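**Student:** Next comes the structure file data-v8.cif, holding mmCIF, C-alpha atoms (C1' of nucleotides).
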data_input
loop_
_atom_site.group_PDB
_atom_site.id
_atom_site.type_symbol
_atom_site.label_atom_id
_atom_site.label_comp_id
_atom_site.auth_asym_id
_atom_site.auth_seq_id
_atom_site.Cartn_x
_atom_site.Cartn_y
_atom_site.Cartn_z
ATOM 1 C CA MET A 17 15.355 -12.865 -12.403
ATOM 2 C CA LYS A 18 14.359 -9.526 -10.947
ATOM 3 C CA LEU A 19 11.282 -9.298 -8.712
ATOM 4 C CA ALA A 20 9.770 -6.029 -7.544
ATOM 5 C CA THR A 21 6.823 -4.825 -5.493
ATOM 6 C CA TRP A 22 5.302 -1.373 -5.177
ATOM 7 C CA ASN A 23 2.242 0.073 -3.502
ATOM 8 C CA VAL A 24 1.473 2.794 -6.037
ATOM 9 C CA ASN A 25 -1.439 4.473 -4.194
ATOM 10 C CA SER A 26 -3.536 4.841 -7.355
ATOM 11 C CA LEU A 27 -2.288 3.367 -10.621
ATOM 12 C CA LYS A 28 -4.161 6.058 -12.520
ATOM 13 C CA VAL A 29 -1.993 8.748 -10.962
ATOM 14 C CA ARG A 30 1.221 6.715 -10.860
ATOM 15 C CA LEU A 31 1.083 5.083 -14.331
ATOM 16 C CA PRO A 32 3.832 7.335 -15.773
ATOM 17 C CA GLN A 33 6.068 6.441 -12.839
ATOM 18 C CA VAL A 34 5.288 2.738 -13.241
ATOM 19 C CA LEU A 35 6.263 2.893 -16.922
ATOM 20 C CA GLU A 36 9.405 4.787 -15.977
ATOM 21 C CA PHE A 37 10.224 2.169 -13.360
ATOM 22 C CA LEU A 38 9.710 -0.696 -15.829
ATOM 23 C CA ALA A 39 11.974 0.981 -18.390
ATOM 24 C CA ALA A 40 14.687 1.794 -15.850
ATOM 25 C CA HIS A 41 14.775 -1.498 -13.899
ATOM 26 C CA LYS A 42 13.401 -3.989 -16.432
ATOM 27 C CA PRO A 43 12.060 -6.273 -13.706
ATOM 28 C CA ASP A 44 10.781 -9.699 -14.738
ATOM 29 C CA VAL A 45 7.932 -9.215 -12.289
ATOM 30 C CA LEU A 46 6.398 -6.093 -10.773
ATOM 31 C CA CYS A 47 3.669 -6.600 -8.174
ATOM 32 C CA LEU A 48 1.393 -3.610 -7.631
ATOM 33 C CA GLN A 49 -0.889 -2.787 -4.719
ATOM 34 C CA GLU A 50 -3.553 -0.132 -4.233
ATOM 35 C CA THR A 51 -4.276 0.230 -7.928
ATOM 36 C CA LYS A 52 -7.698 1.651 -6.932
ATOM 37 C CA LEU A 53 -9.127 0.727 -10.342
ATOM 38 C CA ASP A 54 -11.792 -1.727 -11.355
ATOM 39 C CA ASP A 55 -10.689 -4.222 -13.996
ATOM 40 C CA ALA A 56 -12.487 -2.411 -16.828
ATOM 41 C CA ASN A 57 -10.279 0.628 -16.235
ATOM 42 C CA PHE A 58 -6.948 -1.151 -15.846
ATOM 43 C CA PRO A 59 -4.467 0.517 -18.259
ATOM 44 C CA ILE A 60 -3.544 -2.753 -19.944
ATOM 45 C CA ALA A 61 -2.736 -1.112 -23.287
ATOM 46 C CA ASP A 62 -0.026 1.031 -21.679
ATOM 47 C CA ILE A 63 1.391 -2.028 -19.945
ATOM 48 C CA THR A 64 1.514 -4.139 -23.098
ATOM 49 C CA GLY A 65 2.919 -1.124 -24.925
ATOM 50 C CA ALA A 66 5.810 -1.212 -22.471
ATOM 51 C CA GLY A 67 6.439 -4.874 -23.327
ATOM 52 C CA TYR A 68 4.752 -6.352 -20.272
ATOM 53 C CA GLN A 69 1.805 -8.595 -19.627
ATOM 54 C CA GLY A 70 -0.564 -7.839 -16.813
ATOM 55 C CA VAL A 71 -3.030 -9.745 -14.670
ATOM 56 C CA PHE A 72 -5.076 -7.837 -12.148
ATOM 57 C CA SER A 73 -7.842 -7.970 -9.587
ATOM 58 C CA GLY A 74 -9.224 -4.572 -8.783
ATOM 59 C CA GLN A 75 -12.111 -2.566 -7.448
ATOM 60 C CA LYS A 76 -13.095 1.064 -7.494
ATOM 61 C CA THR A 77 -11.521 3.474 -4.966
ATOM 62 C CA TYR A 78 -9.926 0.919 -2.639
ATOM 63 C CA ASN A 79 -7.392 -1.894 -2.742
ATOM 64 C CA GLY A 80 -6.610 -3.580 -6.068
ATOM 65 C CA VAL A 81 -3.574 -5.715 -6.973
ATOM 66 C CA ALA A 82 -1.775 -6.619 -10.189
ATOM 67 C CA ILE A 83 1.162 -8.639 -11.464
ATOM 68 C CA LEU A 84 3.085 -7.219 -14.415
ATOM 69 C CA SER A 85 5.545 -9.600 -16.031
ATOM 70 C CA SER A 86 7.807 -9.903 -19.030
ATOM 71 C CA HIS A 87 7.072 -13.645 -19.228
ATOM 72 C CA SER A 88 3.573 -15.009 -19.630
ATOM 73 C CA PRO A 89 1.775 -15.470 -16.270
ATOM 74 C CA GLN A 90 0.402 -18.993 -15.737
ATOM 75 C CA GLU A 91 -2.000 -20.522 -13.214
ATOM 76 C CA VAL A 92 -3.436 -17.138 -12.259
ATOM 77 C CA THR A 93 -5.573 -17.148 -9.108
ATOM 78 C CA MET A 94 -7.329 -14.316 -7.299
ATOM 79 C CA GLY A 95 -7.729 -13.917 -3.559
ATOM 80 C CA ILE A 96 -7.130 -16.379 -0.749
ATOM 81 C CA ALA A 97 -8.329 -19.947 -1.353
ATOM 82 C CA ALA A 98 -11.565 -20.825 0.488
ATOM 83 C CA PHE A 99 -12.072 -17.229 1.674
ATOM 84 C CA GLU A 100 -14.765 -15.041 0.196
ATOM 85 C CA ASP A 101 -13.407 -11.523 0.533
ATOM 86 C CA PRO A 102 -14.962 -8.634 -1.394
ATOM 87 C CA GLN A 103 -11.724 -6.684 -0.901
ATOM 88 C CA LYS A 104 -9.323 -7.282 -3.785
ATOM 89 C CA ARG A 105 -6.037 -7.882 -2.007
ATOM 90 C CA VAL A 106 -4.350 -10.952 -3.498
ATOM 91 C CA ILE A 107 -3.384 -12.159 -6.949
ATOM 92 C CA SER A 108 -1.037 -15.049 -7.725
ATOM 93 C CA ALA A 109 0.577 -16.475 -10.836
ATOM 94 C CA VAL A 110 3.447 -18.655 -11.956
ATOM 95 C CA VAL A 111 5.994 -16.605 -13.880
ATOM 96 C CA ASN A 112 9.080 -18.227 -15.352
ATOM 97 C CA GLY A 113 8.669 -21.201 -13.017
ATOM 98 C CA VAL A 114 8.288 -19.085 -9.877
ATOM 99 C CA ARG A 115 5.016 -18.849 -7.977
ATOM 100 C CA ILE A 116 4.387 -15.146 -7.383
ATOM 101 C CA VAL A 117 1.943 -14.170 -4.618
ATOM 102 C CA CYS A 118 1.124 -10.452 -4.643
ATOM 103 C CA VAL A 119 -0.482 -9.297 -1.390
ATOM 104 C CA TYR A 120 -1.995 -6.118 -0.029
ATOM 105 C CA ILE A 121 -2.399 -6.984 3.629
ATOM 106 C CA PRO A 122 -5.052 -4.913 5.427
ATOM 107 C CA ASN A 123 -3.949 -1.793 7.263
ATOM 108 C CA GLY A 124 -5.941 -2.423 10.419
ATOM 109 C CA GLU A 125 -6.472 1.263 11.243
ATOM 110 C CA SER A 126 -5.761 0.857 14.989
ATOM 111 C CA VAL A 127 -5.565 -2.011 17.447
ATOM 112 C CA GLU A 128 -8.997 -1.023 18.800
ATOM 113 C CA SER A 129 -10.614 -1.143 15.363
ATOM 114 C CA ALA A 130 -12.819 -3.835 13.824
ATOM 115 C CA LYS A 131 -10.429 -3.512 10.870
ATOM 116 C CA TYR A 132 -7.657 -4.798 13.120
ATOM 117 C CA VAL A 133 -9.709 -7.924 13.896
ATOM 118 C CA TYR A 134 -10.227 -8.337 10.151
ATOM 119 C CA LYS A 135 -6.483 -7.916 9.586
ATOM 120 C CA LEU A 136 -5.516 -10.644 12.054
ATOM 121 C CA ASP A 137 -8.184 -13.021 10.724
ATOM 122 C CA TRP A 138 -7.067 -12.230 7.181
ATOM 123 C CA LEU A 139 -3.449 -13.056 8.098
ATOM 124 C CA ARG A 140 -4.498 -16.421 9.559
ATOM 125 C CA ARG A 141 -6.323 -17.249 6.342
ATOM 126 C CA LEU A 142 -3.403 -16.091 4.207
ATOM 127 C CA ASN A 143 -0.981 -18.266 6.157
ATOM 128 C CA ALA A 144 -3.244 -21.301 5.783
ATOM 129 C CA CYS A 145 -3.422 -20.632 2.053
ATOM 130 C CA LEU A 146 0.352 -20.140 1.788
ATOM 131 C CA LYS A 147 0.950 -23.460 3.548
ATOM 132 C CA GLU A 148 -0.927 -25.179 0.712
ATOM 133 C CA GLU A 149 0.868 -23.153 -1.957
ATOM 134 C CA LEU A 150 4.263 -23.935 -0.461
ATOM 135 C CA ALA A 151 3.503 -27.649 -0.644
ATOM 136 C CA ARG A 152 3.008 -27.236 -4.395
ATOM 137 C CA TYR A 153 5.638 -24.658 -5.309
ATOM 138 C CA PRO A 154 9.176 -24.926 -3.930
ATOM 139 C CA ARG A 155 9.993 -21.742 -5.821
ATOM 140 C CA LEU A 156 7.607 -19.228 -4.304
ATOM 141 C CA ALA A 157 7.828 -15.515 -3.530
ATOM 142 C CA VAL A 158 5.359 -13.459 -1.510
ATOM 143 C CA LEU A 159 5.657 -9.796 -2.431
ATOM 144 C CA GLY A 160 3.656 -6.833 -1.324
ATOM 145 C CA ASP A 161 2.528 -4.283 1.177
ATOM 146 C CA TYR A 162 2.377 -6.253 4.418
ATOM 147 C CA ASN A 163 1.426 -3.320 6.638
ATOM 148 C CA ILE A 164 3.657 -4.907 9.296
ATOM 149 C CA ALA A 165 7.108 -3.765 10.400
ATOM 150 C CA PRO A 166 8.879 -6.915 11.613
ATOM 151 C CA GLU A 167 11.491 -5.544 14.031
ATOM 152 C CA ASP A 168 12.590 -2.476 15.965
ATOM 153 C CA ARG A 169 15.126 -1.582 13.280
ATOM 154 C CA ASP A 170 12.289 -1.398 10.743
ATOM 155 C CA VAL A 171 10.629 1.486 12.599
ATOM 156 C CA HIS A 172 11.945 5.050 12.954
ATOM 157 C CA ASP A 173 10.739 5.290 16.563
ATOM 158 C CA PRO A 174 10.131 1.829 18.059
ATOM 159 C CA LYS A 175 9.132 3.276 21.444
ATOM 160 C CA PHE A 176 6.431 5.410 19.868
ATOM 161 C CA TRP A 177 5.183 2.569 17.672
ATOM 162 C CA ALA A 178 5.256 -0.143 20.369
ATOM 163 C CA GLY A 179 1.822 -1.781 20.543
ATOM 164 C CA LYS A 180 0.406 0.354 17.753
ATOM 165 C CA VAL A 181 -1.075 -0.942 14.533
ATOM 166 C CA LEU A 182 1.587 -2.003 11.977
ATOM 167 C CA PHE A 183 3.917 -2.849 14.870
ATOM 168 C CA SER A 184 1.780 -4.675 17.459
ATOM 169 C CA GLU A 185 2.815 -8.075 18.795
ATOM 170 C CA PRO A 186 -0.065 -10.078 17.224
ATOM 171 C CA GLU A 187 0.764 -8.647 13.797
ATOM 172 C CA LYS A 188 4.465 -9.363 14.184
ATOM 173 C CA ALA A 189 3.617 -12.870 15.413
ATOM 174 C CA ALA A 190 1.501 -13.467 12.287
ATOM 175 C CA LEU A 191 4.440 -12.417 10.124
ATOM 176 C CA ARG A 192 6.749 -14.715 12.099
ATOM 177 C CA ASP A 193 4.222 -17.524 11.514
ATOM 178 C CA MET A 194 4.495 -16.843 7.798
ATOM 179 C CA VAL A 195 8.294 -16.971 7.986
ATOM 180 C CA ALA A 196 8.027 -20.237 9.941
ATOM 181 C CA LEU A 197 6.203 -21.800 6.982
ATOM 182 C CA GLY A 198 9.545 -21.617 5.166
ATOM 183 C CA LEU A 199 9.893 -18.053 3.902
ATOM 184 C CA GLN A 200 12.770 -15.638 4.352
ATOM 185 C CA ASP A 201 12.815 -11.835 4.342
ATOM 186 C CA SER A 202 15.047 -11.185 1.328
ATOM 187 C CA PHE A 203 15.943 -7.699 2.567
ATOM 188 C CA ARG A 204 17.667 -9.110 5.648
ATOM 189 C CA LEU A 205 19.744 -11.593 3.685
ATOM 190 C CA PHE A 206 22.093 -8.660 3.020
ATOM 191 C CA GLU A 207 23.794 -5.787 4.798
ATOM 192 C CA GLN A 208 21.542 -2.774 4.627
ATOM 193 C CA PRO A 209 21.792 0.888 5.543
ATOM 194 C CA GLU A 210 20.499 1.761 8.994
ATOM 195 C CA LYS A 211 17.019 3.226 9.087
ATOM 196 C CA SER A 212 15.913 1.609 5.829
ATOM 197 C CA PHE A 213 12.205 2.161 5.291
ATOM 198 C CA SER A 214 9.720 1.564 2.474
ATOM 199 C CA TRP A 215 6.898 3.912 3.555
ATOM 200 C CA TRP A 216 6.900 7.511 4.768
ATOM 201 C CA ASP A 217 3.859 9.569 5.770
ATOM 202 C CA TYR A 218 2.996 12.346 3.337
ATOM 203 C CA ARG A 219 2.510 14.606 6.338
ATOM 204 C CA MET A 220 5.078 16.393 8.436
ATOM 205 C CA ASN A 221 7.877 16.023 5.912
ATOM 206 C CA GLY A 222 8.051 12.334 6.752
ATOM 207 C CA PHE A 223 10.315 11.433 3.853
ATOM 208 C CA LYS A 224 12.770 14.307 4.245
ATOM 209 C CA ARG A 225 13.083 13.538 7.948
ATOM 210 C CA ASN A 226 13.184 9.785 7.231
ATOM 211 C CA LEU A 227 10.310 9.114 9.615
ATOM 212 C CA GLY A 228 9.334 5.839 8.010
ATOM 213 C CA LEU A 229 8.507 2.182 8.401
ATOM 214 C CA ARG A 230 9.661 -0.896 6.507
ATOM 215 C CA ILE A 231 6.350 -2.568 5.736
ATOM 216 C CA ASP A 232 6.822 -3.695 2.103
ATOM 217 C CA HIS A 233 8.540 -7.042 1.832
ATOM 218 C CA ILE A 234 9.709 -9.776 -0.503
ATOM 219 C CA LEU A 235 9.647 -13.178 1.192
ATOM 220 C CA LEU A 236 11.311 -16.119 -0.525
ATOM 221 C CA THR A 237 11.383 -19.879 -0.124
ATOM 222 C CA ALA A 238 14.782 -21.408 0.725
ATOM 223 C CA GLU A 239 15.436 -22.350 -2.884
ATOM 224 C CA LEU A 240 14.949 -18.759 -4.034
ATOM 225 C CA ALA A 241 16.665 -17.216 -1.011
ATOM 226 C CA LYS A 242 19.757 -19.283 -1.722
ATOM 227 C CA ALA A 243 19.889 -17.810 -5.229
ATOM 228 C CA CYS A 244 19.006 -14.254 -4.148
ATOM 229 C CA LYS A 245 21.844 -11.838 -4.928
ATOM 230 C CA SER A 246 20.432 -8.526 -3.717
ATOM 231 C CA CYS A 247 17.439 -6.783 -2.242
ATOM 232 C CA ARG A 248 17.053 -3.034 -2.021
ATOM 233 C CA ILE A 249 14.509 -0.290 -1.556
ATOM 234 C CA ASP A 250 14.286 2.216 -4.387
ATOM 235 C CA ARG A 251 14.090 5.477 -2.453
ATOM 236 C CA ASP A 252 14.496 7.469 -5.682
ATOM 237 C CA MET A 253 10.867 6.857 -6.628
ATOM 238 C CA ARG A 254 9.688 8.293 -3.292
ATOM 239 C CA ALA A 255 11.762 11.428 -3.910
ATOM 240 C CA LYS A 256 10.008 12.257 -7.194
ATOM 241 C CA GLU A 257 7.287 14.811 -7.810
ATOM 242 C CA ARG A 258 3.872 13.532 -6.770
ATOM 243 C CA PRO A 259 5.162 10.223 -5.396
ATOM 244 C CA SER A 260 3.406 7.262 -3.887
ATOM 245 C CA ASP A 261 3.945 7.197 -0.128
ATOM 246 C CA HIS A 262 5.607 3.780 -0.645
ATOM 247 C CA ALA A 263 8.901 3.049 -2.377
ATOM 248 C CA PRO A 264 9.420 -0.033 -4.558
ATOM 249 C CA VAL A 265 11.391 -3.009 -3.224
ATOM 250 C CA VAL A 266 13.507 -4.984 -5.703
ATOM 251 C CA ALA A 267 15.132 -8.418 -5.297
ATOM 252 C CA GLU A 268 17.459 -10.093 -7.792
ATOM 253 C CA ILE A 269 17.600 -13.861 -8.047
ATOM 254 C CA ASP A 270 20.259 -15.751 -9.967
ATOM 255 C CA PHE A 271 19.224 -19.051 -11.438
ATOM 256 C CA LEU A 272 21.538 -21.741 -12.769
ATOM 257 C "C1'" DA B 14 4.089 11.820 15.533
ATOM 258 C "C1'" DT B 15 -1.477 11.982 14.497
ATOM 259 C "C1'" DG B 16 -4.979 18.780 12.079
ATOM 260 C "C1'" DG B 17 -0.838 19.915 9.106
ATOM 261 C "C1'" DC B 18 -0.849 14.748 2.915
ATOM 262 C "C1'" DG B 19 -2.886 12.932 -0.912
ATOM 263 C "C1'" DG B 20 -6.179 10.073 -3.422
ATOM 264 C "C1'" DC B 21 -10.834 8.895 -3.878
ATOM 265 C "C1'" DT B 22 -16.020 9.955 -4.607
ATOM 266 C "C1'" DC B 23 -21.137 11.435 -9.291
ATOM 267 C "C1'" DG B 24 -17.199 15.883 -4.103
ATOM 268 C "C1'" DC B 25 -17.766 21.277 -3.012
ATOM 269 C "C1'" DA B 26 -16.800 17.517 2.862
ATOM 270 C "C1'" DG B 27 -15.750 13.189 4.384
ATOM 271 C "C1'" DC B 28 -13.564 8.649 4.156
ATOM 272 C "C1'" DC B 29 -9.353 6.119 4.000
ATOM 273 C "C1'" DG B 30 -4.575 5.029 4.174
ATOM 274 C "C1'" DA B 31 -0.347 3.966 7.527
#
What does the file become when written as structure tokens?
**Tutor:**
Amino acid sequence: MKLATWNVNSLKVRLPQVLEFLAAHKPDVLCLQETKLDDANFPIADITGAGYQGVFSGQKTYNGVAILSSHSPQEVTMGIAAFEDPQKRVISAVVNGVRIVCVYIPNGESVESAKYVYKLDWLRRLNACLKEELARYPRLAVLGDYNIAPEDRDVHDPKFWAGKVLFSEPEKAALRDMVALGLQDSFRLFEQPEKSFSWWDYRMNGFKRNLGLRIDHILLTAELAKACKSCRIDRDMRAKERPSDHAPVVAEIDFL
DNA sequence: ATGGCGGCTCGCAGCCGA
């Protein structure tokens, strides 16, 4: 089973690349973030035309998440349980016996910002929700744009980023809390190239100079991690014409 | 490394992302 996640930074603009990605990788699941489309404008016909089903929770201009899958999505839920949030950042479904949680964790803007307070509160609520989900689903994967780089090696310049949003201690602690619930960073189950990142700023030739951050993650429960055979970042998509600023992350899981 | 990009909006400049 192949699981993928990609912050597309506008599905309207990136739809051809999404279709190309589906055809090339044939993932069982592709989680999308920052679709920036309300549900009425979701390009479901193109998705079904590519042989995929899609469930989505979107809004105009900002945020928006979707799960595309080759198997039928079951038990679809939107958002974080018991949290009224107008921002469309979470969608979950059971696909092929695996609980898929697609997340677009808030950016936070800066550690001085009210958006940072919202981010930390949001993470607490997500973790509480995940604790409940984990009690129900031993096969669970949390995929998405976390907007958190876990460790120094996930940041091109850890000294510069120290204490800044995306790399501050409270954010990293929230991610460690999530891991402590029983989730593992699939990327670090394997040897990886040094300076592996999933996001590069559009400005200042960030991608060419590899000035990036690893902030897109696939976290797996023990049962899935044990069966996980690979996890890699698809830098090729970031190298294309008119790319998203994020690259897809892909994990392969072997079942009995 | 922070102006310098790119996507959005009933745009023609400003907000937002990371």
**Student:** Could you write out as a ChimeraX atom specification the residues of chain B within 8 Å of chain A, counting only C-alpha atoms (C1' of nucleotides)?
**Tutor:** /B:17-22,30-31
**Student:** Once 5 Å is added on each side, what are the centre and the three edge lengths, in Å to one decimal, of the axis-aligned box enclosing the listed atoms of segment 14-27 of chain B? Present them as AutoDock Vina command-line options.
**Tutor:**
--center_x -8.5 --center_y 15.1 --center_z 3.1 --size_x 35.2 --size_y 22.4 --size_z 34.8
**Student:** List the neighbours of Phe58 of chain A out to 9 Å using only C-alpha atoms (C1' of nucleotides); skip same-chain residues closer than 3 positions along the sequence, and give me the result as a ChimeraX atom specification.
**Tutor:** /A:27-28,51,53-55,61,72,74
**Student:** Calculate how many Å separate atom CA of Gln33 of chain A from atom CA of Ile60 of chain A, rounding to one decimal.
**Tutor:**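 So the answer is 15.1 Å.
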**Student:** Mind checking which residues fall within 10 Å of Leu150 of chain A, counting all atoms listed in the file, ignoring those fewer than 3 positions away in the same chain, and posting them as a list in words?
**Tutor:**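 Once the adjacent positions are removed, what remains is Arg115, Cys145, Leu146, Lys147, Tyr153, Pro154, Arg155, Leu156, Ala157, Leu197, Gly198, Leu199 and Thr237 of chain A.
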**Student:** Interatomic distance between atom CA of Leu205 of chain A and atom CA of Lys242 of chain A?
**Tutor:**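 Atom-to-atom, atom CA of Leu205 of chain A to atom CA of Lys242 of chain A, that is 9.4 Å.
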**Student:** Looking at A:Ala144, A:Val133, A:Pro264, A:Ala243, which one is nearest to Leu48 of chain A, with distances taken over all atoms listed in the file?
**Tutor:** A:Pro264
**Student:** What would the selection look like, as a list in words, if the PyMOL selection byres ((chain A and resi 62) around 12) were run on the coordinates I just shared?
**Tutor:** Leu27, Lys28, Leu31, Pro32, Val34, Leu35, Glu36, Leu38, Asn57, Phe58, Pro59, Ile60, Ala61, Ile63, Thr64, Gly65, Ala66, Gly67, Tyr68, Gln69, Gly70 and Leu84 of chain A
**Student:** Would you compute the distance between atom CA of Cys47 of chain A and atom CA of Met253 of chain A? Give it in Å to one decimal.
**Tutor:**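 Between these atoms lies a distance of 15.3 Å.
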**Student:** Quick one: everything within 12 Å of Phe271 of chain A, counting all atoms listed in the file, minus sequence neighbours fewer than 6 positions away in the same chain. Send it as a short mmCIF file (atom, residue, chain, number, x, y, z; two decimals) with C-alpha atoms, in the coordinates of the input.
**Tutor:**
data_model
loop_
_atom_site.label_atom_id
_atom_site.label_comp_id
_atom_site.auth_asym_id
_atom_site.auth_seq_id
_atom_site.Cartn_x
_atom_site.Cartn_y
_atom_site.Cartn_z
CA MET A 17 15.36 -12.86 -12.40
CA LYS A 18 14.36 -9.53 -10.95
CA ASN A 112 9.08 -18.23 -15.35
CA GLY A 113 8.67 -21.20 -13.02
CA VAL A 114 8.29 -19.08 -9.88
CA ARG A 155 9.99 -21.74 -5.82
CA GLU A 239 15.44 -22.35 -2.88
CA LEU A 240 14.95 -18.76 -4.03
CA ALA A 241 16.66 -17.22 -1.01
CA LYS A 242 19.76 -19.28 -1.72
CA ALA A 243 19.89 -17.81 -5.23
CA CYS A 244 19.01 -14.25 -4.15
CA LYS A 245 21.84 -11.84 -4.93
#
**Student:** Starting from the displayed file, determine the output of the PyMOL selection byres ((chain A and resi 97) around 12) and express the residue list as a tab-separated table (two decimals) with C-alpha atoms, keeping the file's coordinate frame.
**Tutor:**
chain	number	residue	atom	x	y	z
A	93	THR	CA	-5.57	-17.15	-9.11
A	94	MET	CA	-7.33	-14.32	-7.30
A	95	GLY	CA	-7.73	-13.92	-3.56
A	96	ILE	CA	-7.13	-16.38	-0.75
A	98	ALA	CA	-11.56	-20.82	0.49
A	99	PHE	CA	-12.07	-17.23	1.67
A	100	GLU	CA	-14.76	-15.04	0.20
A	101	ASP	CA	-13.41	-11.52	0.53
A	106	VAL	CA	-4.35	-10.95	-3.50
A	107	ILE	CA	-3.38	-12.16	-6.95
A	108	SER	CA	-1.04	-15.05	-7.72
A	138	TRP	CA	-7.07	-12.23	7.18
A	141	ARG	CA	-6.32	-17.25	6.34
A	142	LEU	CA	-3.40	-16.09	4.21
A	143	ASN	CA	-0.98	-18.27	6.16
A	144	ALA	CA	-3.24	-21.30	5.78
A	145	CYS	CA	-3.42	-20.63	2.05
A	146	LEU	CA	0.35	-20.14	1.79
A	147	LYS	CA	0.95	-23.46	3.55
A	148	GLU	CA	-0.93	-25.18	0.71
A	149	GLU	CA	0.87	-23.15	-1.96
**Student:** Name every residue that the PyMOL selection byres ((chain A and resi 49) around 7) selects in this structure, writing the answer as a list in words with chains first and numbers rising.
**Tutor:**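 Written out, the selection comes to Trp22, Asn23, Val24, Cys47, Leu48, Glu50, Thr51, Asn79, Gly80, Val81, Ala82, Tyr120, Gly160 and Asp161 of chain A.
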**Student:** Using C-alpha atoms, can you write the selected residues to a file as a PDB file, in the coordinates of the input?
**Tutor:**
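The new file selection-v5.pdb reads:
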ATOM      1  CA  TRP A  22       5.302  -1.373  -5.177  1.00  0.00           C
ATOM      2  CA  ASN A  23       2.242   0.073  -3.502  1.00  0.00           C
ATOM      3  CA  VAL A  24       1.473   2.794  -6.037  1.00  0.00           C
ATOM      4  CA  CYS A  47       3.669  -6.600  -8.174  1.00  0.00           C
ATOM      5  CA  LEU A  48       1.393  -3.610  -7.631  1.00  0.00           C
ATOM      6  CA  GLU A  50      -3.553  -0.132  -4.233  1.00  0.00           C
ATOM      7  CA  THR A  51      -4.276   0.230  -7.928  1.00  0.00           C
ATOM      8  CA  ASN A  79      -7.392  -1.894  -2.742  1.00  0.00           C
ATOM      9  CA  GLY A  80      -6.610  -3.580  -6.068  1.00  0.00           C
ATOM     10  CA  VAL A  81      -3.574  -5.715  -6.973  1.00  0.00           C
ATOM     11  CA  ALA A  82      -1.775  -6.619 -10.189  1.00  0.00           C
ATOM     12  CA  TYR A 120      -1.995  -6.118  -0.029  1.00  0.00           C
ATOM     13  CA  GLY A 160       3.656  -6.833  -1.324  1.00  0.00           C
ATOM     14  CA  ASP A 161       2.528  -4.283   1.177  1.00  0.00           C
TER      15      ASP A 161
END
